[in-house]
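As provided, work_1.csv (CSV, C-alpha atoms) reads as follows.
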```
chain,number,residue,atom,x,y,z
H,968,MET,CA,102.7,102.3,80.3
H,969,GLY,CA,101.6,100.7,83.6
H,970,GLN,CA,103.5,98.6,86.0
H,971,LEU,CA,105.4,95.8,84.2
H,972,LYS,CA,104.6,92.3,85.5
H,973,ILE,CA,106.7,89.3,84.6
H,974,GLY,CA,106.1,85.6,85.3
H,975,TRP,CA,107.9,82.4,84.5
H,976,GLY,CA,106.5,78.8,84.1
H,977,ARG,CA,107.9,75.5,83.1
H,978,ALA,CA,106.5,72.0,82.4
H,979,LEU,CA,108.2,68.8,81.6
H,980,ILE,CA,107.5,67.6,78.0
H,981,SER,CA,110.0,64.6,78.0
H,982,THR,CA,108.6,61.2,78.7
H,983,ASP,CA,110.0,57.7,79.5
H,984,GLU,CA,107.6,56.3,76.9
H,985,PRO,CA,109.2,55.3,73.6
H,986,VAL,CA,108.6,58.2,71.1
H,987,GLY,CA,109.9,58.9,67.7
H,988,LEU,CA,112.8,61.3,67.6
H,989,SER,CA,112.6,64.2,65.1
H,990,GLY,CA,115.3,65.5,62.8
H,991,GLN,CA,116.9,62.7,60.8
H,992,PHE,CA,116.2,60.7,57.7
H,993,TYR,CA,116.1,57.4,59.5
H,994,VAL,CA,113.9,56.0,62.3
H,995,ARG,CA,114.9,56.7,65.8
H,996,ILE,CA,112.8,55.6,68.8
H,997,SER,CA,113.7,56.9,72.3
H,998,LYS,CA,114.6,54.6,75.1
H,999,GLY,CA,113.9,57.2,77.8
H,1000,ALA,CA,115.2,60.8,78.4
H,1001,ALA,CA,118.8,61.4,79.2
H,1002,ASP,CA,118.0,65.1,80.0
H,1003,PRO,CA,114.7,66.7,80.8
H,1004,MET,CA,112.9,68.6,78.0
H,1005,TYR,CA,110.6,71.5,78.8
H,1006,ALA,CA,108.0,73.9,77.7
H,1007,THR,CA,109.3,77.2,79.3
H,1008,ALA,CA,106.9,80.2,79.3
H,1009,LEU,CA,107.5,83.9,80.0
H,1010,ALA,CA,104.5,86.1,80.6
H,1011,VAL,CA,104.9,89.9,80.4
H,1012,GLU,CA,102.2,92.5,80.8
H,1013,ASP,CA,101.8,96.1,81.6
H,1014,GLY,CA,98.1,96.4,82.3
H,1015,ASN,CA,97.3,97.5,78.7
H,1016,ASP,CA,99.0,94.8,76.7
H,1017,ALA,CA,100.6,91.4,77.2
H,1018,VAL,CA,102.7,88.7,75.5
H,1019,ILE,CA,103.3,85.2,76.5
H,1020,MET,CA,106.3,83.5,74.9
H,1021,CYS,CA,106.8,79.8,75.3
H,1022,SER,CA,109.8,77.9,74.1
H,1023,LEU,CA,109.5,74.1,73.6
H,1024,ASP,CA,112.4,71.6,73.4
H,1025,VAL,CA,111.1,70.2,70.1
H,1026,ILE,CA,112.3,70.4,66.5
H,1027,ALA,CA,109.6,72.7,65.1
H,1028,ILE,CA,106.3,74.4,65.9
H,1029,GLN,CA,103.3,74.0,63.6
H,1030,ARG,CA,100.2,76.2,63.5
H,1031,GLY,CA,98.1,73.3,64.6
H,1032,LEU,CA,99.9,73.1,67.9
H,1033,LEU,CA,99.6,76.9,68.5
H,1034,ASP,CA,95.8,76.7,67.6
H,1035,LYS,CA,95.3,73.8,70.0
H,1036,VAL,CA,97.2,75.5,72.9
H,1037,ARG,CA,95.2,78.8,72.4
H,1038,ALA,CA,91.9,76.9,72.3
H,1039,ARG,CA,92.7,75.0,75.5
H,1040,LEU,CA,93.7,78.3,77.2
H,1041,ARG,CA,90.4,79.9,76.1
H,1042,SER,CA,88.4,77.0,77.5
H,1043,THR,CA,90.3,76.5,80.8
H,1044,ASP,CA,91.3,80.1,81.7
H,1045,PRO,CA,89.7,82.8,79.6
H,1046,LYS,CA,91.5,85.6,81.5
H,1047,ILE,CA,94.8,84.6,79.9
H,1048,PRO,CA,95.1,86.5,76.6
H,1049,SER,CA,95.5,83.4,74.4
H,1050,GLU,CA,95.7,85.5,71.2
H,1051,ARG,CA,99.0,86.9,72.6
H,1052,VAL,CA,100.7,83.5,72.9
H,1053,ILE,CA,103.8,82.9,70.8
H,1054,LEU,CA,105.4,79.5,70.6
H,1055,ASN,CA,108.9,78.7,69.4
H,1056,ALA,CA,111.1,75.6,69.2
H,1057,THR,CA,114.7,75.2,70.4
H,1058,HIS,CA,115.1,73.0,67.3
H,1059,THR,CA,116.5,69.9,69.0
H,1060,HIS,CA,117.0,66.8,66.9
H,1061,THR,CA,116.5,64.6,69.9
H,1062,GLY,CA,113.1,65.7,70.9
H,1063,GLY,CA,109.8,63.8,70.7
H,1064,ASP,CA,108.1,63.7,67.4
H,1065,PHE,CA,104.5,64.9,67.4
H,1066,ILE,CA,104.3,65.7,63.7
H,1067,PRO,CA,102.7,62.7,61.9
H,1068,ASN,CA,104.6,63.3,58.7
H,1069,PRO,CA,106.5,66.6,58.7
H,1070,ALA,CA,107.3,66.5,55.0
H,1071,ASP,CA,103.6,66.8,54.0
H,1072,VAL,CA,102.8,69.7,56.3
H,1073,GLY,CA,101.3,72.5,54.2
H,1074,ALA,CA,101.6,70.6,50.9
H,1075,GLU,CA,103.1,73.5,48.9
H,1076,THR,CA,105.2,75.0,51.8
H,1077,GLY,CA,106.3,71.7,53.4
H,1078,PRO,CA,109.6,70.3,52.4
H,1079,ARG,CA,108.1,67.8,49.9
H,1080,GLY,CA,106.4,70.6,48.1
H,1081,ARG,CA,109.6,72.8,47.9
H,1082,PHE,CA,112.4,70.4,47.4
H,1083,PRO,CA,112.1,67.7,44.6
H,1084,GLY,CA,113.4,64.4,45.8
H,1085,TRP,CA,112.6,64.9,49.5
H,1086,PRO,CA,112.5,61.4,51.1
H,1087,GLU,CA,109.3,59.5,51.5
H,1088,PRO,CA,108.0,58.9,55.1
H,1089,LEU,CA,110.1,56.3,56.9
H,1090,SER,CA,108.8,52.9,57.9
H,1091,LEU,CA,109.0,52.0,61.6
H,1092,GLY,CA,109.9,48.4,60.8
H,1093,GLY,CA,107.6,47.1,63.5
H,1094,LEU,CA,109.1,49.3,66.3
H,1095,GLU,CA,106.6,50.2,69.0
H,1096,ARG,CA,106.2,53.9,70.0
H,1097,VAL,CA,103.7,56.4,71.2
H,1098,GLU,CA,101.8,57.8,68.2
H,1099,PRO,CA,102.9,61.3,67.2
H,1100,LYS,CA,99.3,62.6,67.7
H,1101,GLU,CA,99.2,61.2,71.2
H,1102,TYR,CA,102.5,62.7,72.1
H,1103,GLY,CA,101.3,66.0,70.5
H,1104,GLU,CA,98.3,66.0,72.9
H,1105,PHE,CA,100.7,65.5,75.8
H,1106,VAL,CA,102.9,68.4,74.6
H,1107,ALA,CA,99.9,70.7,74.1
H,1108,ASP,CA,98.6,69.9,77.7
H,1109,ARG,CA,102.0,70.6,79.2
H,1110,THR,CA,102.5,73.8,77.2
H,1111,VAL,CA,99.2,75.1,78.5
H,1112,GLU,CA,100.3,74.1,82.0
H,1113,ALA,CA,103.6,76.1,81.6
H,1114,ILE,CA,101.7,79.2,80.2
H,1115,ARG,CA,99.1,79.1,83.0
H,1116,MET,CA,101.9,78.9,85.6
H,1117,ALA,CA,103.8,81.9,84.0
H,1118,TRP,CA,100.6,83.9,83.9
H,1119,THR,CA,99.6,83.2,87.6
H,1120,ARG,CA,103.2,83.9,88.8
H,1121,ARG,CA,103.4,87.4,87.4
H,1122,ARG,CA,104.9,89.9,89.7
H,1123,PRO,CA,106.2,93.5,89.4
H,1124,GLY,CA,109.4,93.4,87.5
H,1125,GLN,CA,111.6,95.3,85.0
H,1126,VAL,CA,113.6,94.8,81.9
H,1127,ALA,CA,117.2,95.8,81.3
H,1128,TRP,CA,119.5,95.3,78.3
H,1129,GLY,CA,122.9,93.8,78.1
H,1130,TYR,CA,125.2,92.2,75.5
H,1131,GLU,CA,127.5,89.2,75.3
H,1132,LEU,CA,129.3,87.1,72.8
H,1133,ALA,CA,127.0,84.4,71.5
H,1134,VAL,CA,128.6,81.5,69.7
H,1135,THR,CA,126.2,80.0,67.3
H,1136,GLY,CA,126.1,77.0,65.0
H,1137,HIS,CA,125.5,76.9,61.3
H,1138,ASN,CA,123.5,74.9,58.9
H,1139,ARG,CA,125.7,72.3,57.1
H,1140,ARG,CA,122.9,71.7,54.5
H,1141,SER,CA,121.9,75.1,53.4
H,1142,ALA,CA,119.2,75.4,50.8
H,1143,TYR,CA,118.8,78.8,49.0
H,1144,LEU,CA,115.9,80.0,47.0
H,1145,CYS,CA,118.2,82.0,44.7
H,1146,ASP,CA,121.6,81.6,43.0
H,1147,VAL,CA,124.0,82.6,45.8
H,1148,SER,CA,127.1,82.5,43.6
H,1149,ASP,CA,126.6,86.1,42.6
H,1150,LEU,CA,126.1,87.4,46.2
H,1151,PRO,CA,128.9,89.6,47.7
H,1152,ARG,CA,131.1,87.8,50.2
```

Structure re-expressed in structure tokens:
Amino acid sequence: MGQLKIGWGRALISTDEPVGLSGQFYVRISKGAADPMYATALAVEDGNDAVIMCSLDVIAIQRGLLDKVRARLRSTDPKIPSERVILNATHTHTGGDFIPNPADVGAETGPRGRFPGWPEPLSLGGLERVEPKEYGEFVADRTVEAIRMAWTRRRPGQVAWGYELAVTGHNRRSAYLCDVSDLPR
């Protein structure tokens, strides 16, 4: 293994424009951003291999966003190993909505395909907002910006381990694919 190089990058993905907010079964349109939301990237490489992890303050990541980010990286900076990019979501329910209709994503694997009775898409009732596709383009551009920043800021570094108590939340609306009544407790 060669010298480990590590770089960080961050780009703002919140906007003061009215955008739909993800994560509820009713329409919510933002009136601005109370707190900044980011795409935060970490680039790690050792001369032989690399990984670039980018966390976005959004509800979920779809393959289309990953493909779009990788394609833009290939066209703007081919030296960045775009095939080594991983995106993840912080899963905030107050982030901008860039998924046109999340329930229909991957017809069989999206919620509408897996759960009978999943709600139909919600009407905006005449409310104005940035279209999800337009906001998605903005998020993709900013994600590329964060990744490029992390890649260009790589410096010699090291990794260490540690541990700490992590208090986590839980899902109040669990959905299981099997009968959980027989599972050991």

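In terms of minimum interatomic distance to Gly1014 of chain H, H:Pro1048 ranks closest within H:Tyr1102, H:Arg1096, H:Pro1048, H:Gly976, counting only C-alpha atoms.
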
Check your understanding: What is the distance, in Å and to one decimal place, between atom CA of Arg1039 of chain H and atom CA of Val1111 of chain H?
Key -> 7.2 Å

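Taking atom CA of Asp1016 of chain H and atom CA of Lys972 of chain H as the two end points, the separation is 10.7 Å.
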
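Atom to atom, atom CA of Ala1127 of chain H and atom CA of Asn1015 of chain H stand 20.1 Å apart.
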
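The smallest atom-to-atom distance between Ala1001 of chain H and any of H:Lys1035, H:Leu971, H:Pro1099, H:Asp983, using only C-alpha atoms, is found for H:Asp983.
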